[in-house]
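File shown: work.txt (compact mmCIF, C-alpha atoms).
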# COMPACT_ATOMS: atom_id res chain seq x y z
CA MET A 5 -27.65 -16.54 -37.89
CA SER A 6 -25.32 -19.48 -37.30
CA ASP A 7 -26.09 -21.87 -34.46
CA ASP A 8 -22.44 -22.91 -34.04
CA PHE A 9 -21.23 -21.69 -30.65
CA TYR A 10 -17.73 -20.80 -31.89
CA GLU A 11 -19.08 -18.87 -34.90
CA LEU A 12 -21.58 -17.05 -32.69
CA LEU A 13 -18.70 -15.88 -30.46
CA GLU A 14 -16.48 -15.15 -33.47
CA VAL A 15 -13.58 -17.29 -32.21
CA GLU A 16 -11.64 -20.29 -33.48
CA ARG A 17 -12.36 -23.74 -32.08
CA THR A 18 -8.85 -23.69 -30.57
CA ALA A 19 -9.40 -20.36 -28.75
CA ASP A 20 -8.39 -20.27 -25.10
CA ASP A 21 -10.69 -19.27 -22.22
CA GLY A 22 -9.41 -15.68 -22.13
CA THR A 23 -10.08 -15.15 -25.85
CA ILE A 24 -13.60 -16.58 -25.56
CA LYS A 25 -14.42 -14.41 -22.56
CA SER A 26 -13.05 -11.27 -24.20
CA SER A 27 -15.02 -11.88 -27.39
CA TYR A 28 -18.21 -12.54 -25.43
CA ARG A 29 -17.86 -9.30 -23.47
CA ARG A 30 -17.46 -7.34 -26.69
CA LEU A 31 -20.48 -8.97 -28.36
CA ALA A 32 -22.66 -8.82 -25.23
CA MET A 33 -22.14 -5.08 -24.93
CA ARG A 34 -22.94 -4.67 -28.63
CA PHE A 35 -26.18 -6.68 -28.70
CA HIS A 36 -27.52 -6.16 -25.18
CA PRO A 37 -31.25 -5.26 -25.27
CA ASP A 38 -30.64 -2.12 -23.20
CA LYS A 39 -28.49 -0.79 -26.02
CA ASN A 40 -30.95 -1.91 -28.69
CA PRO A 41 -34.41 -1.25 -27.24
CA GLY A 42 -37.25 -2.81 -29.23
CA CYS A 43 -34.90 -4.71 -31.56
CA ASN A 44 -35.96 -8.35 -31.54
CA GLN A 45 -33.00 -9.35 -33.72
CA SER A 46 -30.47 -7.95 -31.21
CA GLU A 47 -32.26 -9.62 -28.32
CA GLY A 48 -32.19 -12.95 -30.16
CA LYS A 49 -28.49 -12.50 -30.93
CA PHE A 50 -27.77 -11.66 -27.31
CA LYS A 51 -29.53 -14.81 -26.08
CA ALA A 52 -27.67 -16.94 -28.61
CA ILE A 53 -24.19 -15.65 -27.73
CA SER A 54 -25.05 -15.93 -24.02
CA GLU A 55 -26.03 -19.57 -24.48
CA ALA A 56 -22.80 -20.18 -26.42
CA TYR A 57 -20.66 -18.58 -23.73
CA GLU A 58 -22.36 -20.44 -20.88
CA CYS A 59 -21.40 -23.67 -22.63
CA LEU A 60 -17.88 -22.88 -23.77
CA LYS A 61 -16.71 -21.31 -20.50
CA ASP A 62 -17.25 -24.65 -18.70
CA PRO A 63 -14.45 -27.13 -19.60
CA GLN A 64 -16.71 -30.20 -19.26
CA LYS A 65 -19.56 -28.70 -21.26
CA ARG A 66 -17.15 -27.46 -23.91
CA ALA A 67 -15.62 -30.92 -24.26
CA ALA A 68 -19.09 -32.45 -24.64
CA TYR A 69 -20.07 -29.81 -27.23
CA ASP A 70 -16.84 -30.33 -29.20
CA ARG A 71 -17.63 -34.05 -29.40
CA TYR A 72 -21.41 -34.18 -29.82
CA GLY A 73 -22.51 -30.63 -30.64
CA LYS A 74 -25.81 -29.37 -29.23
CA ALA A 75 -27.05 -32.96 -29.01
CA ALA A 76 -24.98 -33.28 -25.83
CA PHE A 77 -27.47 -30.99 -24.06
CA GLU A 78 -30.75 -32.27 -25.42
CA ASN A 79 -33.27 -34.26 -23.33
CA GLY A 80 -32.07 -32.84 -20.01
CA GLY A 81 -28.41 -33.13 -20.82
CA GLY A 82 -27.47 -29.78 -19.37
CA ALA A 83 -29.53 -27.10 -21.09
CA GLN A 84 -29.38 -23.74 -19.34
CA ASP A 85 -32.02 -21.15 -18.60
CA PHE A 86 -30.87 -17.89 -20.16
CA GLY A 87 -33.85 -15.77 -19.29
CA GLY A 88 -32.13 -13.51 -16.73
CA PHE A 89 -29.69 -11.00 -18.25
CA ALA A 90 -28.51 -9.78 -14.83
CA ASP A 91 -27.47 -13.30 -13.82
CA ILE A 92 -25.38 -13.69 -16.96
CA PHE A 93 -23.52 -10.46 -16.29
CA ASP A 94 -23.02 -11.50 -12.67
CA ASN A 95 -21.10 -14.53 -13.86
CA ILE A 96 -18.80 -12.38 -15.99
CA PHE A 97 -18.21 -9.32 -13.85
CA GLY A 98 -18.43 -10.82 -10.33
CA GLY A 99 -21.06 -11.31 -7.73
CA GLY A 100 -23.39 -14.27 -7.47
CA ARG A 101 -26.97 -14.52 -6.37
CA GLY A 102 -27.53 -15.73 -2.83
CA ARG A 103 -23.89 -15.42 -1.80
CA GLN A 104 -23.49 -14.19 1.74
CA SER A 105 -20.66 -12.11 3.05
CA GLY A 106 -20.78 -12.25 6.82
CA PRO A 107 -17.93 -11.53 9.25
CA GLN A 108 -14.53 -12.04 7.69
CA ARG A 109 -11.85 -14.45 8.88
CA GLY A 110 -9.07 -12.76 10.83
CA ALA A 111 -5.86 -11.74 9.09
CA ASP A 112 -2.80 -13.98 9.03
CA LEU A 113 0.25 -12.63 10.87
CA ARG A 114 3.97 -12.95 10.26
CA TYR A 115 6.67 -13.26 12.91
CA ASP A 116 10.39 -13.33 12.04
CA MET A 117 12.56 -15.42 14.36
CA GLU A 118 16.35 -15.62 14.40
CA ILE A 119 17.97 -18.90 15.38
CA THR A 120 21.56 -20.15 15.42
CA LEU A 121 22.88 -22.94 13.24
CA GLU A 122 23.12 -25.03 16.40
CA ASN A 123 19.38 -24.42 16.99
CA ALA A 124 18.69 -25.50 13.44
CA PHE A 125 20.76 -28.66 13.98
CA HIS A 126 19.26 -29.77 17.28
CA GLY A 127 15.84 -28.11 17.16
CA LYS A 128 14.58 -25.69 19.77
CA ALA A 129 11.59 -25.25 22.05
CA THR A 130 10.97 -21.60 22.83
CA GLU A 131 8.30 -19.01 23.53
CA ILE A 132 7.43 -15.84 21.65
CA THR A 133 5.26 -12.88 22.57
CA VAL A 134 3.08 -11.30 19.89
CA GLU A 135 0.52 -8.52 19.96
CA VAL A 136 -2.68 -9.55 18.20
CA SER A 137 -6.38 -8.84 18.06
CA ALA A 138 -7.86 -11.55 20.25
CA LEU A 139 -11.43 -12.69 20.93
CA CYS A 140 -13.28 -10.35 23.28
CA GLU A 141 -14.09 -12.45 26.32
CA PRO A 142 -17.06 -10.47 27.78
CA CYS A 143 -19.11 -10.82 24.57
CA SER A 144 -17.49 -14.07 23.38
CA GLY A 145 -16.62 -12.35 20.13
CA SER A 146 -20.18 -11.45 19.12
CA GLY A 147 -19.66 -7.70 19.50
CA ALA A 148 -23.00 -7.40 21.28
CA LYS A 149 -23.40 -6.33 24.89
CA PRO A 150 -23.52 -9.39 27.17
CA GLY A 151 -27.12 -10.57 27.44
CA THR A 152 -28.07 -9.16 24.02
CA SER A 153 -27.60 -10.41 20.48
CA ALA A 154 -27.12 -9.11 16.94
CA ASN A 155 -30.11 -8.76 14.59
CA THR A 156 -30.35 -9.68 10.93
CA CYS A 157 -29.76 -6.61 8.77
CA THR A 158 -33.03 -5.54 7.17
CA THR A 159 -31.30 -3.70 4.32
CA CYS A 160 -29.62 -6.78 2.84
CA ASN A 161 -31.71 -9.47 4.61
CA GLY A 162 -28.54 -10.94 6.09
CA HIS A 163 -26.70 -11.34 2.78
CA GLY A 164 -24.12 -8.65 3.59
CA LYS A 165 -24.37 -7.32 0.01
CA VAL A 166 -26.74 -5.18 -1.98
CA ARG A 167 -27.22 -4.83 -5.72
CA ALA A 168 -27.64 -1.73 -7.84
CA GLN A 169 -28.41 -1.32 -11.54
CA GLN A 170 -25.93 0.84 -13.47
CA GLY A 171 -26.99 0.95 -17.10
CA PHE A 172 -27.12 -2.66 -18.17
CA PHE A 173 -24.67 -3.74 -15.46
CA VAL A 174 -25.69 -5.14 -12.10
CA VAL A 175 -23.16 -4.06 -9.48
CA GLU A 176 -22.88 -5.79 -6.12
CA ARG A 177 -21.48 -3.92 -3.11
CA ALA A 178 -21.09 -4.43 0.62
CA CYS A 179 -24.24 -3.46 2.45
CA PRO A 180 -23.89 0.15 3.72
CA THR A 181 -25.91 -0.61 6.84
CA CYS A 182 -24.09 -3.68 8.21
CA HIS A 183 -20.85 -3.18 6.24
CA GLY A 184 -20.97 -6.71 4.89
CA ALA A 185 -21.58 -8.47 8.21
CA GLY A 186 -25.20 -9.38 7.51
CA LYS A 187 -26.12 -8.42 11.06
CA VAL A 188 -26.45 -5.21 13.04
CA ILE A 189 -25.76 -4.78 16.74
CA PRO A 190 -28.29 -2.54 18.51
CA ASP A 191 -26.30 -2.48 21.76
CA SER A 192 -22.52 -2.87 21.40
CA CYS A 193 -20.18 -4.49 23.89
CA THR A 194 -18.32 -1.77 25.80
CA SER A 195 -15.10 -3.79 25.97
CA CYS A 196 -14.61 -4.17 22.22
CA ARG A 197 -17.00 -1.46 20.94
CA GLY A 198 -18.83 -3.98 18.81
CA GLU A 199 -15.78 -5.39 17.06
CA GLY A 200 -15.80 -8.70 18.92
CA ARG A 201 -12.03 -8.50 19.40
CA VAL A 202 -9.49 -6.55 21.44
CA ASP A 203 -5.74 -5.98 21.19
CA LYS A 204 -3.67 -7.99 23.63
CA GLN A 205 -0.29 -9.70 24.02
CA LYS A 206 -0.10 -13.46 23.71
CA THR A 207 2.75 -15.74 24.70
CA LEU A 208 2.98 -18.77 22.45
CA SER A 209 5.06 -21.93 22.58
CA VAL A 210 7.00 -22.68 19.41
CA ASN A 211 8.70 -25.97 18.60
CA VAL A 212 11.47 -25.51 16.02
CA PRO A 213 12.19 -28.98 14.57
CA ALA A 214 15.72 -30.20 13.88
CA GLY A 215 16.88 -29.64 10.32
CA VAL A 216 15.12 -26.35 9.56
CA ASP A 217 16.76 -23.99 7.10
CA GLU A 218 16.74 -20.30 6.24
CA GLY A 219 13.20 -19.28 5.29
CA THR A 220 11.51 -22.35 6.80
CA ARG A 221 7.96 -21.41 7.75
CA ILE A 222 6.13 -22.68 10.83
CA ARG A 223 2.35 -22.20 10.96
CA LEU A 224 0.47 -21.84 14.22
CA THR A 225 -3.15 -22.43 13.20
CA GLY A 226 -5.67 -19.98 14.67
CA GLU A 227 -3.04 -17.83 16.39
CA GLY A 228 -3.35 -14.86 14.02
CA GLU A 229 -5.81 -11.98 14.25
CA ALA A 230 -9.21 -12.86 15.64
CA GLY A 231 -12.04 -12.56 13.12
CA ALA A 232 -14.57 -9.77 13.54
CA ARG A 233 -17.69 -10.66 15.53
CA GLY A 234 -16.89 -14.30 16.14
CA ALA A 235 -15.42 -15.15 12.72
CA PRO A 236 -12.52 -17.64 12.70
CA SER A 237 -9.04 -16.40 13.56
CA GLY A 238 -6.24 -16.23 11.04
CA ASP A 239 -2.96 -18.10 11.34
CA LEU A 240 0.44 -17.02 12.60
CA TYR A 241 3.37 -17.78 10.29
CA ILE A 242 6.83 -17.87 11.83
CA PHE A 243 9.64 -17.34 9.33
CA LEU A 244 13.02 -18.64 10.50
CA HIS A 245 16.30 -16.84 9.81
CA VAL A 246 19.52 -18.72 10.58
CA THR A 247 22.37 -16.48 11.73
CA ARG A 248 25.78 -16.81 10.13
CA HIS A 249 28.06 -19.34 11.79
CA ALA A 250 31.71 -18.62 12.62
CA ILE A 251 32.96 -21.90 11.11
CA PHE A 252 30.34 -23.73 9.09
CA GLU A 253 28.45 -22.82 5.96
CA ARG A 254 25.40 -24.73 4.90
CA GLU A 255 23.96 -25.94 1.63
CA GLY A 256 20.88 -28.06 2.15
CA THR A 257 21.92 -30.82 4.56
CA THR A 258 25.64 -30.43 3.76
CA LEU A 259 27.93 -28.51 6.10
CA PHE A 260 31.09 -26.90 4.70
CA ALA A 261 34.18 -25.74 6.57
CA ARG A 262 37.34 -24.16 5.13
CA THR A 263 40.13 -25.76 7.12
CA PRO A 264 43.75 -24.54 7.09
CA ILE A 265 46.45 -27.20 7.54
CA SER A 266 50.23 -26.88 7.85
CA PHE A 267 52.32 -27.46 4.76
CA THR A 268 54.10 -30.34 6.52
CA THR A 269 50.73 -32.08 7.16
CA ALA A 270 49.84 -31.45 3.55
CA ALA A 271 53.14 -32.96 2.38
CA LEU A 272 53.39 -35.87 4.80
CA GLY A 273 49.71 -36.57 5.50
CA GLY A 274 48.11 -37.02 8.90
CA SER A 275 44.76 -36.34 10.52
CA ILE A 276 42.86 -33.45 12.07
CA GLY A 277 39.96 -33.40 14.51
CA ILE A 278 36.91 -31.32 13.56
CA PRO A 279 34.27 -30.70 16.26
CA GLY A 280 30.84 -31.11 14.64
CA LEU A 281 27.54 -29.50 15.53
CA ASP A 282 26.54 -32.89 16.89
CA GLY A 283 29.07 -32.43 19.69
CA GLU A 284 31.38 -35.16 18.41
CA TYR A 285 34.99 -34.85 17.18
CA HIS A 286 35.31 -36.13 13.66
CA ASP A 287 38.71 -37.50 12.70
CA ILE A 288 39.51 -36.45 9.14
CA ARG A 289 42.34 -38.30 7.42
CA ILE A 290 44.65 -36.08 5.35
CA PRO A 291 46.34 -37.93 2.48
CA ALA A 292 49.98 -37.09 1.79
CA GLY A 293 50.49 -34.54 -0.97
CA ILE A 294 47.05 -32.95 -0.66
CA GLN A 295 46.63 -29.60 -2.43
CA SER A 296 44.78 -26.44 -1.43
CA GLY A 297 41.13 -26.53 -2.47
CA LYS A 298 40.79 -30.29 -2.14
CA GLN A 299 37.56 -31.34 -0.41
CA LEU A 300 37.27 -34.21 2.04
CA ARG A 301 33.89 -35.63 3.02
CA GLN A 302 32.72 -37.11 6.32
CA ARG A 303 29.48 -39.02 5.72
CA GLY A 304 26.55 -38.42 8.07
CA ALA A 305 28.14 -35.54 10.01
CA GLY A 306 26.07 -32.80 8.37
CA MET A 307 22.61 -31.39 9.08
CA PRO A 308 19.72 -33.70 9.95
CA VAL A 309 17.00 -34.15 7.34
CA LEU A 310 13.94 -32.07 8.24
CA ASN A 311 11.03 -34.32 9.18
CA GLY A 312 12.96 -37.32 7.89
CA ARG A 313 15.68 -39.77 8.71
CA GLY A 314 19.42 -39.51 8.42
CA SER A 315 21.80 -36.59 8.03
CA GLY A 316 23.85 -34.92 5.34
CA ASP A 317 27.64 -34.80 5.12
CA LEU A 318 30.40 -32.64 6.55
CA VAL A 319 32.76 -31.38 3.85
CA ILE A 320 36.05 -29.69 4.68
CA GLN A 321 37.95 -27.74 2.08
CA VAL A 322 41.68 -27.88 2.70
CA GLU A 323 43.74 -24.69 2.58
CA VAL A 324 47.47 -25.34 2.83
CA GLU A 325 49.10 -22.63 4.92
CA THR A 326 52.65 -21.50 4.10
CA PRO A 327 54.59 -20.71 7.29
CA THR A 328 55.37 -17.04 7.81
CA LYS A 329 57.56 -17.28 10.93
CA LEU A 330 60.46 -19.74 10.92
CA ASN A 331 63.23 -20.12 13.48
CA ALA A 332 66.84 -20.74 12.50
CA LYS A 333 66.59 -24.51 12.81
CA GLN A 334 63.48 -24.66 10.60
CA LYS A 335 65.12 -22.49 7.97
CA GLU A 336 68.18 -24.71 8.01
CA LEU A 337 66.07 -27.82 7.50
CA LEU A 338 64.14 -26.23 4.66
CA GLU A 339 67.34 -25.10 2.95
CA ALA A 340 68.63 -28.66 3.19
CA PHE A 341 65.39 -29.89 1.66
CA ARG A 342 65.62 -27.39 -1.19
CA GLU A 343 69.11 -28.64 -2.05
CA THR A 344 67.69 -32.12 -2.56
CA GLU A 345 64.78 -31.05 -4.79
CA THR A 346 64.71 -32.62 -8.25
CA GLY A 347 61.47 -31.07 -9.55
CA GLU A 348 59.53 -34.30 -9.19
CA GLU A 349 58.26 -33.23 -5.76
CA CYS A 350 56.05 -30.52 -7.32
CA PRO A 351 55.15 -31.75 -10.83
CA LYS A 352 52.60 -29.01 -11.54
CA SER A 353 55.03 -26.15 -11.03
CA THR A 354 57.77 -28.01 -12.92
CA LYS A 355 55.45 -28.63 -15.87
CA PHE A 356 54.27 -25.01 -15.86
CA PHE A 357 57.77 -23.51 -16.02
CA ASP A 358 58.84 -26.01 -18.68
CA LYS A 359 55.87 -24.93 -20.81
CA LEU A 360 56.62 -21.26 -20.12
CA ARG A 361 60.24 -21.67 -21.28
CA SER A 362 59.15 -23.47 -24.45
CA VAL A 363 56.78 -20.63 -25.34
CA PHE A 364 59.50 -18.01 -24.98
CA ASP A 365 62.00 -20.17 -26.85
CA ASP A 366 59.61 -20.26 -29.80
CA ILE A 367 59.25 -16.46 -29.71
CA ILE A 368 62.97 -15.83 -29.54

Show me, as structure tokens, the structure contained in the file I just sent.
Amino acid sequence: MSDDFYELLEVERTADDGTIKSSYRRLAMRFHPDKNPGCNQSEGKFKAISEAYECLKDPQKRAAYDRYGKAAFENGGGAQDFGGFADIFDNIFGGGRGRQSGPQRGADLRYDMEITLENAFHGKATEITVEVSALCEPCSGSGAKPGTSANTCTTCNGHGKVRAQQGFFVVERACPTCHGAGKVIPDSCTSCRGEGRVDKQKTLSVNVPAGVDEGTRIRLTGEGEAGARGAPSGDLYIFLHVTRHAIFEREGTTLFARTPISFTTAALGGSIGIPGLDGEYHDIRIPAGIQSGKQLRQRGAGMPVLNGRGSGDLVIQVEVETPTKLNAKQKELLEAFRETETGEECPKSTKFFDKLRSVFDDII
């Protein structure tokens, strides 16, 4: 029988952890003494593959073995005691000797809060009301009647778990007497019926910082469900949802606004005033001849950086509006303008129709 750990487990030296574990399970079931009673060879094989697995499953031990071989574990260098088959199977299939269960930490809770884009810009201090399981005050969360106390469970000796042999497996379950708590209550609190917690409404203060975005999560530590029988409480997670704004759209710290302008402003240039979420009017200069779709940027007028310094930008996207209602005077002026057009005023359209004519000329 080879003494090389990789050969014993029938894997390559480059095998990953999952492959090593899978191969060990297969071999352990094959050579386990319970399946081969009285066979000294199988028992020796089982001990050898168990020793190999205990080494190779630990990254540090595996690295030492790859470099120095078994010499890395000689003279007190990390040799393991492989006498207990149940302990080995515990490591593979769960459990762990001496591990205590005890009362479990309370569950985390989720609360969804809607805020406006203005709230996200400036921040907001508000209050919310949630219904949670809170610590029972009469028994201080112990679950026992005031003046009494819980006793250590005699079935599991306070571990909260019991073990049972199933074939050659050792299975660990929650203690049926104390249900994993490790303690039993002879006289339960009448307020909470031994749970150590009661349902109640709580009003909590929430500080929404400036710069939050859709999906930002705020954690209120210890404000979730109370743990059973004095165990720690869970946390409350507040998920923020920013409602759609009538004017602005947001991408990170950048604010976008589609802004219609008159065709005369687009042709001649000018300026427009945009009220920002910061309460200030931002004067945006419009260059003469601007086209629809062109974006203009105002630095520092966007959303504040969450938990940081500075702000993003305000970007307006120009949409040139063609007039739909003209009086007689306006029509007269536009007709006069059309008579003076040479084609150089709108080079894109002139170039397009010249190209279109050339294509049809080639066809004809």

Handout entry: Nearby residues (only C-alpha atoms) at most 12 Å from Arg254 of chain A, same-chain spacing under 2 positions excluded, as a PyMOL selection string
Key = chain A and resi 121-122+124-125+215-218+246-252+256-262+281+306-308+316-320

Keeping only C-alpha atoms, write the selected residues to a file as a PDB file, keeping the file's coordinate frame.
ATOM      1  CA  LEU A 121      22.880 -22.940  13.240  1.00  0.00           C
ATOM      2  CA  GLU A 122      23.120 -25.030  16.400  1.00  0.00           C
ATOM      3  CA  ALA A 124      18.690 -25.500  13.440  1.00  0.00           C
ATOM      4  CA  PHE A 125      20.760 -28.660  13.980  1.00  0.00           C
ATOM      5  CA  GLY A 215      16.880 -29.640  10.320  1.00  0.00           C
ATOM      6  CA  VAL A 216      15.120 -26.350   9.560  1.00  0.00           C
ATOM      7  CA  ASP A 217      16.760 -23.990   7.100  1.00  0.00           C
ATOM      8  CA  GLU A 218      16.740 -20.300   6.240  1.00  0.00           C
ATOM      9  CA  VAL A 246      19.520 -18.720  10.580  1.00  0.00           C
ATOM     10  CA  THR A 247      22.370 -16.480  11.730  1.00  0.00           C
ATOM     11  CA  ARG A 248      25.780 -16.810  10.130  1.00  0.00           C
ATOM     12  CA  HIS A 249      28.060 -19.340  11.790  1.00  0.00           C
ATOM     13  CA  ALA A 250      31.710 -18.620  12.620  1.00  0.00           C
ATOM     14  CA  ILE A 251      32.960 -21.900  11.110  1.00  0.00           C
ATOM     15  CA  PHE A 252      30.340 -23.730   9.090  1.00  0.00           C
ATOM     16  CA  GLY A 256      20.880 -28.060   2.150  1.00  0.00           C
ATOM     17  CA  THR A 257      21.920 -30.820   4.560  1.00  0.00           C
ATOM     18  CA  THR A 258      25.640 -30.430   3.760  1.00  0.00           C
ATOM     19  CA  LEU A 259      27.930 -28.510   6.100  1.00  0.00           C
ATOM     20  CA  PHE A 260      31.090 -26.900   4.700  1.00  0.00           C
ATOM     21  CA  ALA A 261      34.180 -25.740   6.570  1.00  0.00           C
ATOM     22  CA  ARG A 262      37.340 -24.160   5.130  1.00  0.00           C
ATOM     23  CA  LEU A 281      27.540 -29.500  15.530  1.00  0.00           C
ATOM     24  CA  GLY A 306      26.070 -32.800   8.370  1.00  0.00           C
ATOM     25  CA  MET A 307      22.610 -31.390   9.080  1.00  0.00           C
ATOM     26  CA  PRO A 308      19.720 -33.700   9.950  1.00  0.00           C
ATOM     27  CA  GLY A 316      23.850 -34.920   5.340  1.00  0.00           C
ATOM     28  CA  ASP A 317      27.640 -34.800   5.120  1.00  0.00           C
ATOM     29  CA  LEU A 318      30.400 -32.640   6.550  1.00  0.00           C
ATOM     30  CA  VAL A 319      32.760 -31.380   3.850  1.00  0.00           C
ATOM     31  CA  ILE A 320      36.050 -29.690   4.680  1.00  0.00           C
TER      32      ILE A 320
END

Completion exercise
Among A:Cys43, A:Val15, A:Ala154, A:Ala214, Ile189 of chain A is approached most closely, using only C-alpha atoms, by A:Ala154

Problem - Neighbour list for segment 18-32 of chain A as a PyMOL selection string, cut-off 7 Å, all atoms listed in the file, skip fewer than 4 positions in-chain - result: chain A and resi 13+36+50+57+61

Which residues of segment 127-151 of chain A come within 7 Å of segment 190-208 of chain A, and for each one, what is the closest pair of atoms and their distance in Å to one decimal, counting all atoms listed in the file, sorted by chain and residue number, as a tab-separated table?
residue	atom	partner	partner_atom	distance
A:Glu131	CA	A:Leu208	CA	5.4
A:Ile132	CA	A:Leu208	CA	5.4
A:Thr133	CA	A:Thr207	CA	4.4
A:Val134	CA	A:Lys206	CA	5.4
A:Glu135	CA	A:Gln205	CA	4.3
A:Val136	CA	A:Asp203	CA	5.6
A:Ser137	CA	A:Asp203	CA	4.3
A:Ala138	CA	A:Arg201	CA	5.2
A:Leu139	CA	A:Arg201	CA	4.5
A:Cys140	CA	A:Arg201	CA	4.5
A:Cys143	CA	A:Cys193	CA	6.5
A:Gly145	CA	A:Gly200	CA	3.9
A:Ser146	CA	A:Gly200	CA	5.2
A:Gly147	CA	A:Gly198	CA	3.9
A:Ala148	CA	A:Ser192	CA	4.6
A:Lys149	CA	A:Cys193	CA	3.8
A:Pro150	CA	A:Cys193	CA	6.8

Practice task
Have a look at atom CA of Ser144 of chain A and atom CA of Ser237 of chain A and let me know their distance in Å, one decimal.
Solution key: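 Those two atoms sit 13.2 Å apart.
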
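Distance check against Asp70 of chain A using only C-alpha atoms: of A:Ile53, A:Arg17, A:Pro279, A:Thr346, the minimum falls on A:Arg17.
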
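Interatomic distance, atom CA of Asp8 of chain A against atom CA of Asn40 of chain A: 23.3 Å.
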
Let me know the centre plus edge lengths, in Å and rounded to one decimal, of a box with edges along x, y and z that contains all listed atoms of segment 107-112 of chain A and is padded by 3 Å on every side, as lines of an AutoDock Vina configuration file.
center_x = -10.4
center_y = -13.0
center_z = 9.3
size_x = 21.1
size_y = 8.9
size_z = 9.1

Need the shell around segment 284-300 of chain A: protein/DNA/RNA residues with any atom at most 6 Å away, counting only C-alpha atoms. Skip same-chain ones fewer than 5 positions apart. Format as a PDB file with C-alpha atoms, in the coordinates of the input?
ATOM      1  CA  ALA A 270      49.840 -31.450   3.550  1.00  0.00           C
ATOM      2  CA  ALA A 271      53.140 -32.960   2.380  1.00  0.00           C
ATOM      3  CA  LEU A 272      53.390 -35.870   4.800  1.00  0.00           C
ATOM      4  CA  GLY A 273      49.710 -36.570   5.500  1.00  0.00           C
ATOM      5  CA  GLY A 274      48.110 -37.020   8.900  1.00  0.00           C
ATOM      6  CA  SER A 275      44.760 -36.340  10.520  1.00  0.00           C
ATOM      7  CA  ILE A 276      42.860 -33.450  12.070  1.00  0.00           C
ATOM      8  CA  GLY A 277      39.960 -33.400  14.510  1.00  0.00           C
ATOM      9  CA  ILE A 278      36.910 -31.320  13.560  1.00  0.00           C
ATOM     10  CA  PRO A 279      34.270 -30.700  16.260  1.00  0.00           C
ATOM     11  CA  VAL A 319      32.760 -31.380   3.850  1.00  0.00           C
ATOM     12  CA  ILE A 320      36.050 -29.690   4.680  1.00  0.00           C
ATOM     13  CA  GLN A 321      37.950 -27.740   2.080  1.00  0.00           C
ATOM     14  CA  VAL A 322      41.680 -27.880   2.700  1.00  0.00           C
ATOM     15  CA  GLU A 323      43.740 -24.690   2.580  1.00  0.00           C
ATOM     16  CA  VAL A 324      47.470 -25.340   2.830  1.00  0.00           C
TER      17      VAL A 324
END

Problem - Pairwise distance for atom CA of Gly314 of chain A and atom CA of Ser209 of chain A, rounded to one decimal in Å - result: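 The value is 26.8 Å.
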
Practice task
May I have the residues within 10 Å of Lys49 of chain A as an NGL selection string, using all atoms listed in the file and disregarding those fewer than 3 positions away in the same chain?
Solution key: :A and (5-6 or 12 or 31-32 or 34-37 or 44-46 or 52-55)
